[in-house]
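Report on the following structure.
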Amino acid sequence: MFRLKELRLECGLKRSKVAADLQMNAGTIANYENGIRQAPYEYLIKFADYFDVSVDYLLGRNENERPKNFNDGTSAEEVMLLKNYRNLNPLAKARVFEYLELWQNRAD
């Protein structure tokens, strides 16, 4: 059982939003959700990363895992930002904080 649609609905996301975030076609995602086509492994990895689940969970091979994100009100954009931030080197992380401080000071 492919859980893409279940995960998307559980997170309160529209198909078009997921498609835009992953730079995919919404119709292609619809075909995967409805079992018309099978997603290639590159897309399975993208979906699993996006929803923060394993590929095994996405494919219905693991019943115990649940999505770790979105349930607390975290948006898809916030999840993607955090994932990207974690991949930055220390200097890039420091620059992100500098930028955020700059914008926070402008708002005050």
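Chain labels A, B, ... are given in the sequence in which chains occur in the structure tokens; within each chain residues are numbered consecutively from 1, and ligands are likewise numbered from 1 in the order shown.
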List the spatial neighbours of Tyr50 in chain A as a compact mmCIF listing (two decimals) with N, CA and C atoms, in the first residue's frame - criterion: any atom at most 9 Å away, only C-alpha atoms, same-chain residues fewer than 2 positions off excluded.
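The file below, around_2.txt, is the result:
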# COMPACT_ATOMS: atom_id res chain seq x y z
N VAL A 18 2.63 20.05 -2.66
CA VAL A 18 3.69 19.04 -2.64
C VAL A 18 4.44 19.06 -3.96
N ASP A 21 6.69 22.13 -4.12
CA ASP A 21 7.84 21.99 -3.22
C ASP A 21 8.88 21.02 -3.76
N LEU A 22 8.42 19.97 -4.42
CA LEU A 22 9.33 18.94 -4.93
C LEU A 22 9.67 19.14 -6.41
N ILE A 45 12.38 8.38 -2.69
CA ILE A 45 13.30 9.01 -1.74
C ILE A 45 12.88 10.46 -1.48
N LYS A 46 12.51 11.18 -2.53
CA LYS A 46 12.05 12.57 -2.37
C LYS A 46 10.81 12.63 -1.47
N PHE A 47 9.85 11.76 -1.72
CA PHE A 47 8.63 11.75 -0.91
C PHE A 47 8.94 11.39 0.55
N ALA A 48 9.77 10.38 0.75
CA ALA A 48 10.12 9.96 2.11
C ALA A 48 10.83 11.10 2.86
N ASP A 52 9.37 13.08 5.98
CA ASP A 52 10.20 12.62 7.09
C ASP A 52 9.79 11.24 7.58
N VAL A 53 9.65 10.34 6.64
CA VAL A 53 9.36 8.93 6.94
C VAL A 53 10.34 8.09 6.13
N ALA A 76 5.32 22.76 5.70
CA ALA A 76 6.25 22.05 4.82
C ALA A 76 7.48 22.90 4.55
N VAL A 79 9.85 22.68 7.50
CA VAL A 79 10.53 21.39 7.52
C VAL A 79 11.67 21.38 6.51
N MET A 80 11.40 21.87 5.30
CA MET A 80 12.44 21.91 4.27
C MET A 80 13.58 22.84 4.68
Worksheet item: With only C-alpha atoms as the atoms that count, which of A:Ala26, A:Tyr99, A:Leu88, A:Leu44 lies nearest to Tyr57 in chain A?
Response: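 The closest residue to Tyr57 in chain A is A:Leu44.
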Discussion item. Residues of chain A classed as alpha helix (DSSP H) by DSSP on the backbone are to be reported as a count of residues only.
Written reply: 67
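In terms of minimum interatomic distance to Gly12 in chain A, A:Phe51 ranks closest within A:Ile36, A:Ala94, A:Phe51, A:Thr28, counting only C-alpha atoms.
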Worksheet item: So what do you get for CA of Glu33 in chain A versus CA of Leu4 in chain A, distance-wise?
Response: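 Result for CA of Glu33 in chain A versus CA of Leu4 in chain A: 5.9 Å, one decimal.
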Discussion item. Please determine, counting only C-alpha atoms, which residue among A:Lys5, A:Asn84, A:Asp56, A:Gln104 has the shortest atom-to-atom distance to Tyr32 in chain A.
Written reply: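 Smallest separation from Tyr32 in chain A among the options: A:Lys5.
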Worksheet, complete the sentence: Shortest contact to Leu13 in chain A, candidates A:Asn31, A:Glu77, A:Asn87, A:Leu59, atoms counted only C-alpha atoms, goes to A:Glu77
